[in-house]
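Chemist: To start, I am sharing the structure in question, which I have written as structure tokens.
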Amino acid sequence: ARVRGLIPDDAWVQLGVGAIPDAILGRLHEHPKMKLHSGMLTDPLIEFLDGAGRDARVVTGEVEGSHEMYRRVGDDPRVTFHPTTVIHDVPHMASLDRFVSINSAIEVDLDGQVNGETIDGAQVSGVGGSLDFVEAARYSRGGRSIIALRSTAKGRSRIVGRLATGTAVTIPRHVVDVIVTEHGAADLAALDLEERAEALIEIADPASRDELRSRARERRAARSTRS
């Protein structure tokens, strides 16, 4: 619901893979004139097609899901398939007004760096096309990128003081717009490093906020010493 509130009507929307993007996809038909441009789409696409109007458009590279979903997209002229040279073409996507990129992540640090690939050093995913979509949203007129994640996983905060040494930076801090958890949304686009930390702590799990504030103070002191 928090993510949906950030999506303008008549937008082009890209969705990553996972439970949160799937939940959003199943409700996007509630927005007027919604269109999809995404690398891969899954079963909630059926809900979108059922609820969207006849003028809805779905542009994708592939779909993955049930036999019913395959049958539906094969029979629906609103759905078209294109190669990666189209789906991941940044200038093309940036030319689409109100292009909104929605992806999930494993963790985000207090600078806004996003790790979407590793857990405790183990590779669990790849970068995929996420950076292509985020950059396109950055240059689209009225566009924005959204990273949505739960504030905790297995009792650990997914907002962290700093990404661990050697952790992949899937999306660098300078292209991140909005981070969303169940506790709120942090719009980082125009914030300096200290303001980013404050905004991200406010959407972290309440039980983790004191520890994150301590890490933020340590980092602030270290920066002050170096300067």
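Simple scheme: letters A, B, ... for chains in structure tokens order, numbers from 1 for residues in each chain, numbers from 1 for ligands in the order shown.
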DSSP says alpha helix (DSSP H) for which residues of range 25-225 of chain A? Put them as a VMD selection string?

Modeler: chain A and resid 25 45 to 51 67 to 75 84 to 87 90 to 94 130 to 139 193 to 202 209 to 225

Chemist: Quick one: of A:Met93, A:Ala216, A:Ile87, A:Leu6, who's nearest to Glu195 in chain A, counting only C-alpha atoms?

Modeler: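 The closest residue to Glu195 in chain A is A:Ala216.
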
Chemist: For range 7-104 of chain A versus range 121-131 of chain A, which residues have an atom no more than 12 Å away, and what is each residue's nearest atom pair and distance in Å rounded to one decimal, using only C-alpha atoms, chain-then-number order, as a tab-separated table?

Modeler:
residue	atom	partner	partner_atom	distance
A:Gln14	CA	A:Ser130	CA	9.4
A:Leu15	CA	A:Ser130	CA	9.2
A:Gly16	CA	A:Ser130	CA	7.4
A:Val17	CA	A:Ser130	CA	10.1
A:Gly18	CA	A:Ser125	CA	11.5
A:Ser38	CA	A:Gly129	CA	9.5
A:Gly39	CA	A:Gly129	CA	7.4
A:Met40	CA	A:Gly129	CA	10.0
A:Gly61	CA	A:Gly129	CA	11.2
A:Thr84	CA	A:Gly129	CA	9.3
A:Thr85	CA	A:Gly129	CA	11.5
A:Ile87	CA	A:Gly129	CA	9.2
A:His88	CA	A:Gly129	CA	6.7
A:Asp89	CA	A:Gly129	CA	10.0
A:Val90	CA	A:Leu131	CA	9.6
A:Val100	CA	A:Ser130	CA	11.9
A:Ser101	CA	A:Ser130	CA	8.3
A:Ile102	CA	A:Ser130	CA	8.9
A:Asn103	CA	A:Ser130	CA	7.1
A:Ser104	CA	A:Ser130	CA	9.4

Chemist: In range 21-203 of chain A, what's strand (DSSP E or B) per DSSP? Answer as a ChimeraX atom specification?

Modeler: /A:35-41,58-63,79-81,99-103,107-109,114-115,118-119,122-123,144-148,152-153,156-157,159-160,171,178-181,184-187

Chemist: Need the shell around Arg215 in chain A: protein/DNA/RNA residues with any atom at most 12 Å away, counting only C-alpha atoms. Skip same-chain ones fewer than 5 positions apart. Format as an MDAnalysis selection string?

Modeler: chainID A and resid 109:111 159:163 194 197:198 201 208:210 220:222

Chemist: Hey, what's within 10 Å of Ile7 in chain A if we count only C-alpha atoms and toss same-chain stuff fewer than 3 positions away? As a PyMOL selection string, please?

Modeler: chain A and resi 2-4+10-13+28+31+34+98-102+143-146

Chemist: Let's have the selection written as a CSV table (one decimal), in the first residue's frame, with N, CA and C atoms.

Modeler:
chain,number,residue,atom,x,y,z
A,2,ARG,N,2.0,1.2,0.8
A,2,ARG,CA,2.9,2.4,0.8
A,2,ARG,C,3.5,2.6,-0.6
A,3,VAL,N,3.9,1.6,-1.3
A,3,VAL,CA,4.5,1.7,-2.6
A,3,VAL,C,3.4,2.2,-3.6
A,4,ARG,N,2.3,1.7,-3.5
A,4,ARG,CA,1.2,2.1,-4.5
A,4,ARG,C,0.9,3.6,-4.4
A,10,ASP,N,-1.4,6.8,-14.9
A,10,ASP,CA,-0.9,6.8,-16.2
A,10,ASP,C,0.6,6.7,-16.3
A,11,ALA,N,1.1,5.7,-15.5
A,11,ALA,CA,2.6,5.5,-15.4
A,11,ALA,C,2.9,4.2,-16.1
A,12,TRP,N,4.2,4.1,-16.5
A,12,TRP,CA,4.8,2.9,-17.0
A,12,TRP,C,5.5,2.3,-15.7
A,13,VAL,N,5.3,1.0,-15.4
A,13,VAL,CA,5.8,0.5,-14.2
A,13,VAL,C,6.6,-0.8,-14.5
A,28,LEU,N,-2.1,-3.3,-9.2
A,28,LEU,CA,-1.8,-2.1,-10.1
A,28,LEU,C,-3.0,-1.7,-11.0
A,31,HIS,N,-5.0,1.5,-10.4
A,31,HIS,CA,-4.6,2.8,-10.9
A,31,HIS,C,-5.1,3.0,-12.3
A,34,MET,N,-2.8,2.3,-16.2
A,34,MET,CA,-1.5,1.8,-15.8
A,34,MET,C,-0.9,0.9,-16.9
A,98,ARG,N,6.8,9.2,-16.7
A,98,ARG,CA,6.3,8.6,-15.5
A,98,ARG,C,6.7,7.1,-15.4
A,99,PHE,N,8.0,6.8,-15.8
A,99,PHE,CA,8.5,5.5,-15.7
A,99,PHE,C,8.9,5.2,-14.2
A,100,VAL,N,8.3,4.2,-13.6
A,100,VAL,CA,8.5,3.9,-12.2
A,100,VAL,C,9.1,2.5,-12.1
A,101,SER,N,10.3,2.5,-11.5
A,101,SER,CA,11.0,1.2,-11.3
A,101,SER,C,10.8,0.7,-9.8
A,102,ILE,N,10.3,-0.5,-9.6
A,102,ILE,CA,10.0,-1.0,-8.3
A,102,ILE,C,10.8,-2.3,-8.1
A,143,GLY,N,9.4,10.3,-13.5
A,143,GLY,CA,9.7,9.0,-13.1
A,143,GLY,C,10.4,8.9,-11.7
A,144,ARG,N,10.5,7.8,-11.1
A,144,ARG,CA,11.2,7.6,-9.9
A,144,ARG,C,11.5,6.1,-9.7
A,145,SER,N,12.5,5.8,-8.9
A,145,SER,CA,12.8,4.4,-8.5
A,145,SER,C,12.4,4.2,-7.1
A,146,ILE,N,11.9,3.0,-6.8
A,146,ILE,CA,11.5,2.6,-5.5
A,146,ILE,C,12.1,1.2,-5.1

Chemist: Report the distance between CA of Ile46 in chain A and CA of Ile147 in chain A in Å, rounded to one decimal place.

Modeler: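 Computing it gives 23.5 Å between the two atoms.
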
Chemist: Give the answer as one residue: which of A:Ile106, A:Leu49, A:Ala168, A:Val86 has the shortest atom-to-atom distance to Asp132 in chain A, using only C-alpha atoms?

Modeler: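 The closest residue to Asp132 in chain A is A:Val86.
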
Chemist: I want to know what sits within 12 Å of Asp50 in chain A, based on only C-alpha atoms, with residues of the same chain fewer than 5 positions away left out; could you give that as a ChimeraX atom specification?

Modeler: /A:25-30,43-45,56,69,72-73,76,78

Chemist: Residues within 9 Å of range 178-190 of chain A, please, as a ChimeraX atom specification. Count only C-alpha atoms; anything in the same chain fewer than 6 positions from it doesn't count.

Modeler: /A:2-3,108,112,144-151,196,199-200,202-206

Chemist: Taking only C-alpha atoms into account, name the residue in A:Gly116, A:Pro77, A:Pro83, A:Gly53 that is nearest to Val169 in chain A.

Modeler: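 Residue with the minimum atom-to-atom distance to Val169 in chain A: A:Gly116.
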
Chemist: Would you compute the distance between CA of Gln113 in chain A and CA of Val176 in chain A? Give it in Å to one decimal.

Modeler: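 According to the coordinates, CA of Gln113 in chain A and CA of Val176 in chain A are separated by 7.8 Å.
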
Chemist: Which one is closest to His37 in chain A: A:Asp177, A:Asp55, A:Glu62, A:Asp9? Count only C-alpha atoms.

Modeler: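 Ranking A:Asp177, A:Asp55, A:Glu62, A:Asp9 by distance to His37 in chain A, first place goes to A:Glu62.
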
Chemist: Quick one, how far is CA of Leu191 in chain A from CA of Arg138 in chain A?

Modeler: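 About the pair CA of Leu191 in chain A and CA of Arg138 in chain A: they are 15.4 Å apart.
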